[in-house]
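Input: a single structure, listed below in structure tokens.
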Amino acid sequence: MSKKLLGWKEIPFAGIIPNTPTSLEYKTGTWRAFKPVHNKEKCIKCLLCWIHCPEPAIIRHDDDSIEIDYDYCKGCGICSNVCPVKAIVMVPEGE
Amino acid sequence: MFVQLKLLLWFRRESEMGKIIGLNGDEAVAYAVKQTNVDVIAAYPITPQTIIVERLSEYVHNGELEAAFVPVESEHSALSATVGAALTGARVFTATASQGLALMYEILWIASSLRLPIVMALGNRAFSAPINIHCSHDDAMAARDAGWIEFFSENVQEAYDLTLIAFKSAESCLLPAIVNLDAFILTHSLEGVEVLDDNDVKRFLPDKRPIYPYPIDVEKPTTYGPLALYDYYIEMKRQQAEAVKEAYGKIVNIMREYSEVSGRKYSPVKAYFMDDAEVAIVVLGSAAGTIRTVVRDLRSKGEKVGVLSLTLYRPFPEKELMNAVKNVKVLAVMDRAYSYGAPGAPLFSDIAATLYNVEEKPMLFNVVYGLGGRDLTADHVKFVFNIAKEYLRKGIVEKKEIWIGVRK
């Protein structure tokens, strides 16, 4: 979000946004206090994390392996909580 | 000879100016709405606006009006449904009064911020408690900061005319508009109303769609009313403020255009005997007629009195008002509403703010009258003029706020 902010004469009429989706431009990953770390060795590809992620910030690959999208992950910890084999652990951001 | 002339005039009026029919204020509004070929009506009946909703539902049921009539379960839903309908580009209408307006309050701001050309008739009724169904301007004043255009009608004819003017104003300025008509005094009073021919209405208010320039389109998703925090909110409000200011000139032109179509003169401010008036009253709504009668009476006795009434209340006609009162020495501002703990009732505050930076300005005092339907009599008006004359003589406003027609 380092774009130049527009003035009141430049913004669209009534603030409507004709080019959707613009939410992708908003990187909610910056909100995160705890970061999920995925252990590929432990993962059994059950996809419970992928189903439960509210963002969705769990990217599912063709072979059902997963990856965490840190651009949008807010660090809620649900994935870690539902993982039956503790393949996702939450660590403080910045460590 | 005289009868023949009258007949001739009658035929001319029949053919050129439309016809005269007996309507009360609510019916006059409904008749005008029917003539606009409105697409969607979403409204919840509430006294004293009920007849508007009843007539419109009859028009739709009888096939006289091809519109979607949405019988919602509350006023909050009524305005929400009109917001949705207006976003599709439709011509939309709703009506309410008092508590109903209070229930729609949050949506009032959303409708104006999205710049939706919704027209609403407001049968001005006092807020509870105590519960009352008669006239105060509480509801109109509750809406005054919400970004809507507001018109005040003085009589049933004006309620009809201003409804048509409101549609054109709302659609030209892309702002919602309220037509105020005093509870019972206008909503339920029968008058001979000169209505326009349907074709004249069509010429004045073309049947083009979509009205909203960015209508909802499932093929082209658009976000309306997005989240905007400290980074964009104030820019959006600044843009909206400018739109309401700019609306003023457009509305003046629309009123002029309507005057040509109808033969009835409309402008934001009505001045009566103001040119050389030393003391004057300024007022909103139906009371203007009563005051005008008293002014005529006092003028015949040589008193320099006058009255101003505002047909357009938002955007506020500042320049016209300054101009109209520039020779006045004492101005009584009559409010049919109150603002508890404020330095003045709503109209008084508006006028004081308008005149503060003007060098030559009248002394001002505030008169609170008519709350909850209490009658305003000619004697009350004479009493106000007498106070104004006393202040003129003494050169000072002794009491800034006076309540009239109230028992001690």
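Letters A, B, ... go to the chains of the structure tokens in the order shown; residues in each chain start at 1; ligands are counted from 1 in the same order.
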
Discussion item. Taking only C-alpha atoms into account and nothing else, which residues of chain B lie no more than 7 Å away from chain A? Please answer as a list in words.
Written reply: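 Close to chain A, chain B has Ser113, Leu114, Arg115, Pro221, Thr222, Thr223, Tyr224, Gly225, Pro226, Glu235, Met236, Arg238 and Gln239 of chain B.
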
Prev. selection, N, CA and C atoms, output as an mmCIF file, in the first residue's frame:
data_model
loop_
_atom_site.group_PDB
_atom_site.id
_atom_site.type_symbol
_atom_site.label_atom_id
_atom_site.label_comp_id
_atom_site.auth_asym_id
_atom_site.auth_seq_id
_atom_site.Cartn_x
_atom_site.Cartn_y
_atom_site.Cartn_z
ATOM 1 N N SER B 113 -24.458 9.312 0.953
ATOM 2 C CA SER B 113 -23.025 9.101 0.698
ATOM 3 C C SER B 113 -22.800 8.311 -0.586
ATOM 4 N N LEU B 114 -23.748 7.424 -0.919
ATOM 5 C CA LEU B 114 -23.650 6.692 -2.189
ATOM 6 C C LEU B 114 -24.196 7.528 -3.347
ATOM 7 N N ARG B 115 -24.682 8.737 -3.021
ATOM 8 C CA ARG B 115 -25.192 9.693 -4.018
ATOM 9 C C ARG B 115 -26.383 9.120 -4.796
ATOM 10 N N PRO B 221 -18.667 -6.639 -11.618
ATOM 11 C CA PRO B 221 -18.832 -6.394 -10.187
ATOM 12 C C PRO B 221 -18.187 -5.071 -9.744
ATOM 13 N N THR B 222 -18.890 -4.348 -8.896
ATOM 14 C CA THR B 222 -18.427 -3.053 -8.397
ATOM 15 C C THR B 222 -18.639 -3.026 -6.891
ATOM 16 N N THR B 223 -17.732 -2.369 -6.176
ATOM 17 C CA THR B 223 -17.901 -2.222 -4.730
ATOM 18 C C THR B 223 -18.539 -0.871 -4.428
ATOM 19 N N TYR B 224 -19.685 -0.881 -3.756
ATOM 20 C CA TYR B 224 -20.352 0.352 -3.325
ATOM 21 C C TYR B 224 -20.184 0.469 -1.808
ATOM 22 N N GLY B 225 -19.823 1.623 -1.343
ATOM 23 C CA GLY B 225 -19.663 1.829 0.088
ATOM 24 C C GLY B 225 -18.554 0.984 0.677
ATOM 25 N N PRO B 226 -17.326 1.134 0.166
ATOM 26 C CA PRO B 226 -16.222 0.327 0.687
ATOM 27 C C PRO B 226 -15.774 0.820 2.059
ATOM 28 N N GLU B 235 -11.606 12.449 2.353
ATOM 29 C CA GLU B 235 -11.693 12.848 0.933
ATOM 30 C C GLU B 235 -13.103 12.591 0.395
ATOM 31 N N MET B 236 -13.679 11.446 0.783
ATOM 32 C CA MET B 236 -15.034 11.135 0.306
ATOM 33 C C MET B 236 -16.046 12.144 0.837
ATOM 34 N N ARG B 238 -15.403 15.221 1.719
ATOM 35 C CA ARG B 238 -15.144 16.516 1.067
ATOM 36 C C ARG B 238 -15.819 16.561 -0.298
ATOM 37 N N GLN B 239 -15.733 15.424 -1.021
ATOM 38 C CA GLN B 239 -16.362 15.331 -2.339
ATOM 39 C C GLN B 239 -17.886 15.477 -2.221
#

Item to complete: Find the spatial neighbours of Cys79 of chain A, counting only C-alpha atoms, within a cut-off of 7 Å - ignore same-chain residues fewer than 5 positions away - and output them as a list of chain:residue names.
Response: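 Result of the neighbour search: A:Cys49, A:His52, A:Cys53, A:Ile88.
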
Practice prompt. Write out as a ChimeraX atom specification which residues come within 12 Å of Ser80 of chain A when counting only C-alpha atoms, dropping same-chain ones fewer than 5 positions away.
Written response: /A:34-39,43,47-50,52-53,58,68,75,85-91

Write a file of the just-selected residues containing N, CA and C atoms, as an mmCIF file, in the first residue's frame.
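The file below, selection35.cif, is the result:
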data_model
loop_
_atom_site.group_PDB
_atom_site.id
_atom_site.type_symbol
_atom_site.label_atom_id
_atom_site.label_comp_id
_atom_site.auth_asym_id
_atom_site.auth_seq_id
_atom_site.Cartn_x
_atom_site.Cartn_y
_atom_site.Cartn_z
ATOM 1 N N PHE A 34 1.634 -13.717 15.485
ATOM 2 C CA PHE A 34 2.202 -15.070 15.501
ATOM 3 C C PHE A 34 2.159 -15.642 14.094
ATOM 4 N N LYS A 35 3.230 -16.346 13.785
ATOM 5 C CA LYS A 35 3.375 -16.818 12.407
ATOM 6 C C LYS A 35 3.273 -18.351 12.374
ATOM 7 N N PRO A 36 2.418 -18.902 11.497
ATOM 8 C CA PRO A 36 2.366 -20.359 11.400
ATOM 9 C C PRO A 36 3.578 -20.881 10.606
ATOM 10 N N VAL A 37 4.228 -21.912 11.126
ATOM 11 C CA VAL A 37 5.359 -22.519 10.397
ATOM 12 C C VAL A 37 4.984 -23.969 10.097
ATOM 13 N N HIS A 38 5.068 -24.335 8.814
ATOM 14 C CA HIS A 38 4.608 -25.638 8.353
ATOM 15 C C HIS A 38 5.788 -26.606 8.235
ATOM 16 N N ASN A 39 5.618 -27.796 8.789
ATOM 17 C CA ASN A 39 6.657 -28.823 8.703
ATOM 18 C C ASN A 39 6.245 -29.870 7.674
ATOM 19 N N CYS A 43 3.629 -33.410 7.752
ATOM 20 C CA CYS A 43 2.325 -33.205 7.100
ATOM 21 C C CYS A 43 1.802 -34.496 6.461
ATOM 22 N N LEU A 47 -5.504 -31.850 4.678
ATOM 23 C CA LEU A 47 -6.134 -30.603 4.207
ATOM 24 C C LEU A 47 -7.117 -29.963 5.209
ATOM 25 N N LEU A 48 -7.042 -30.408 6.470
ATOM 26 C CA LEU A 48 -7.917 -29.766 7.472
ATOM 27 C C LEU A 48 -7.584 -28.281 7.599
ATOM 28 N N CYS A 49 -6.291 -27.939 7.522
ATOM 29 C CA CYS A 49 -5.881 -26.522 7.610
ATOM 30 C C CYS A 49 -6.460 -25.729 6.436
ATOM 31 N N TRP A 50 -6.434 -26.316 5.266
ATOM 32 C CA TRP A 50 -6.921 -25.654 4.036
ATOM 33 C C TRP A 50 -8.433 -25.378 4.140
ATOM 34 N N HIS A 52 -10.134 -25.103 7.034
ATOM 35 C CA HIS A 52 -10.485 -24.202 8.133
ATOM 36 C C HIS A 52 -9.960 -22.783 7.994
ATOM 37 N N CYS A 53 -8.974 -22.565 7.161
ATOM 38 C CA CYS A 53 -8.390 -21.211 7.083
ATOM 39 C C CYS A 53 -9.442 -20.196 6.638
ATOM 40 N N ILE A 58 -4.087 -20.602 3.043
ATOM 41 C CA ILE A 58 -3.412 -21.880 2.823
ATOM 42 C C ILE A 58 -3.539 -22.181 1.330
ATOM 43 N N ILE A 68 1.844 -21.836 3.032
ATOM 44 C CA ILE A 68 1.150 -20.723 3.700
ATOM 45 C C ILE A 68 1.434 -19.427 2.948
ATOM 46 N N GLY A 75 -2.384 -14.723 11.014
ATOM 47 C CA GLY A 75 -1.811 -15.370 12.188
ATOM 48 C C GLY A 75 -2.830 -15.780 13.227
ATOM 49 N N VAL A 85 -1.522 -33.677 13.399
ATOM 50 C CA VAL A 85 -0.172 -34.222 13.620
ATOM 51 C C VAL A 85 0.824 -33.138 14.049
ATOM 52 N N LYS A 86 0.292 -31.975 14.440
ATOM 53 C CA LYS A 86 1.129 -30.843 14.891
ATOM 54 C C LYS A 86 2.215 -30.484 13.864
ATOM 55 N N ALA A 87 1.785 -30.460 12.581
ATOM 56 C CA ALA A 87 2.719 -30.098 11.516
ATOM 57 C C ALA A 87 2.798 -28.583 11.328
ATOM 58 N N ILE A 88 1.876 -27.825 11.981
ATOM 59 C CA ILE A 88 1.928 -26.360 11.913
ATOM 60 C C ILE A 88 2.082 -25.842 13.343
ATOM 61 N N VAL A 89 3.125 -25.082 13.580
ATOM 62 C CA VAL A 89 3.308 -24.492 14.912
ATOM 63 C C VAL A 89 3.365 -22.976 14.773
ATOM 64 N N MET A 90 2.858 -22.281 15.809
ATOM 65 C CA MET A 90 2.831 -20.825 15.793
ATOM 66 C C MET A 90 4.076 -20.315 16.527
ATOM 67 N N VAL A 91 4.816 -19.426 15.851
ATOM 68 C CA VAL A 91 5.989 -18.832 16.504
ATOM 69 C C VAL A 91 5.833 -17.304 16.472
#

Worksheet item: Smallest atom-to-atom distance to Tyr70 of chain A: which of A:Ala57, A:Cys83, A:Leu24, A:Ala33, using only C-alpha atoms?
Response: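 Ranking A:Ala57, A:Cys83, A:Leu24, A:Ala33 by distance to Tyr70 of chain A, first place goes to A:Ala57.
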
Practice prompt. Any chance you could list, as a list in words, the residues in chain A that come up helix (DSSP H, G or I) when DSSP is run on the backbone?
Written response: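 The helix (DSSP H, G or I) residues within chain A come out as Phe13, Ala14, Gly15, Ser23, Leu24, Glu25, Thr28, Gly29, Thr30, Trp31, Leu48, Cys49, Trp50, Ile51, His52, Ile78, Cys79, Ser80, Asn81 and Val82 of chain A.
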
Please tabulate, as JSON lines, the residues of segment 88-200 of chain B that come within 6 Å of segment 45-63 of chain B, each with its closest pair of atoms and the distance in Å to one decimal, counting only C-alpha atoms and ordering rows by chain, then residue number upward.
{"residue": "B:Thr96", "atom": "CA", "partner": "B:Gln49", "partner_atom": "CA", "distance": 6.0}
{"residue": "B:Gly123", "atom": "CA", "partner": "B:Gln49", "partner_atom": "CA", "distance": 5.3}
{"residue": "B:Ala183", "atom": "CA", "partner": "B:Pro48", "partner_atom": "CA", "distance": 5.8}

Worksheet item: Looking only at the backbone, which of the residues in segment 279-403 of chain B does DSSP tag as strand (DSSP E), as a PyMOL selection string?
Response: chain B and resi 279-283+305-310+312-314+330-335+363-368+401-403

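Here atom CA of Lys304 of chain B stands at a distance of 9.4 Å from atom CA of Asp275 of chain B.
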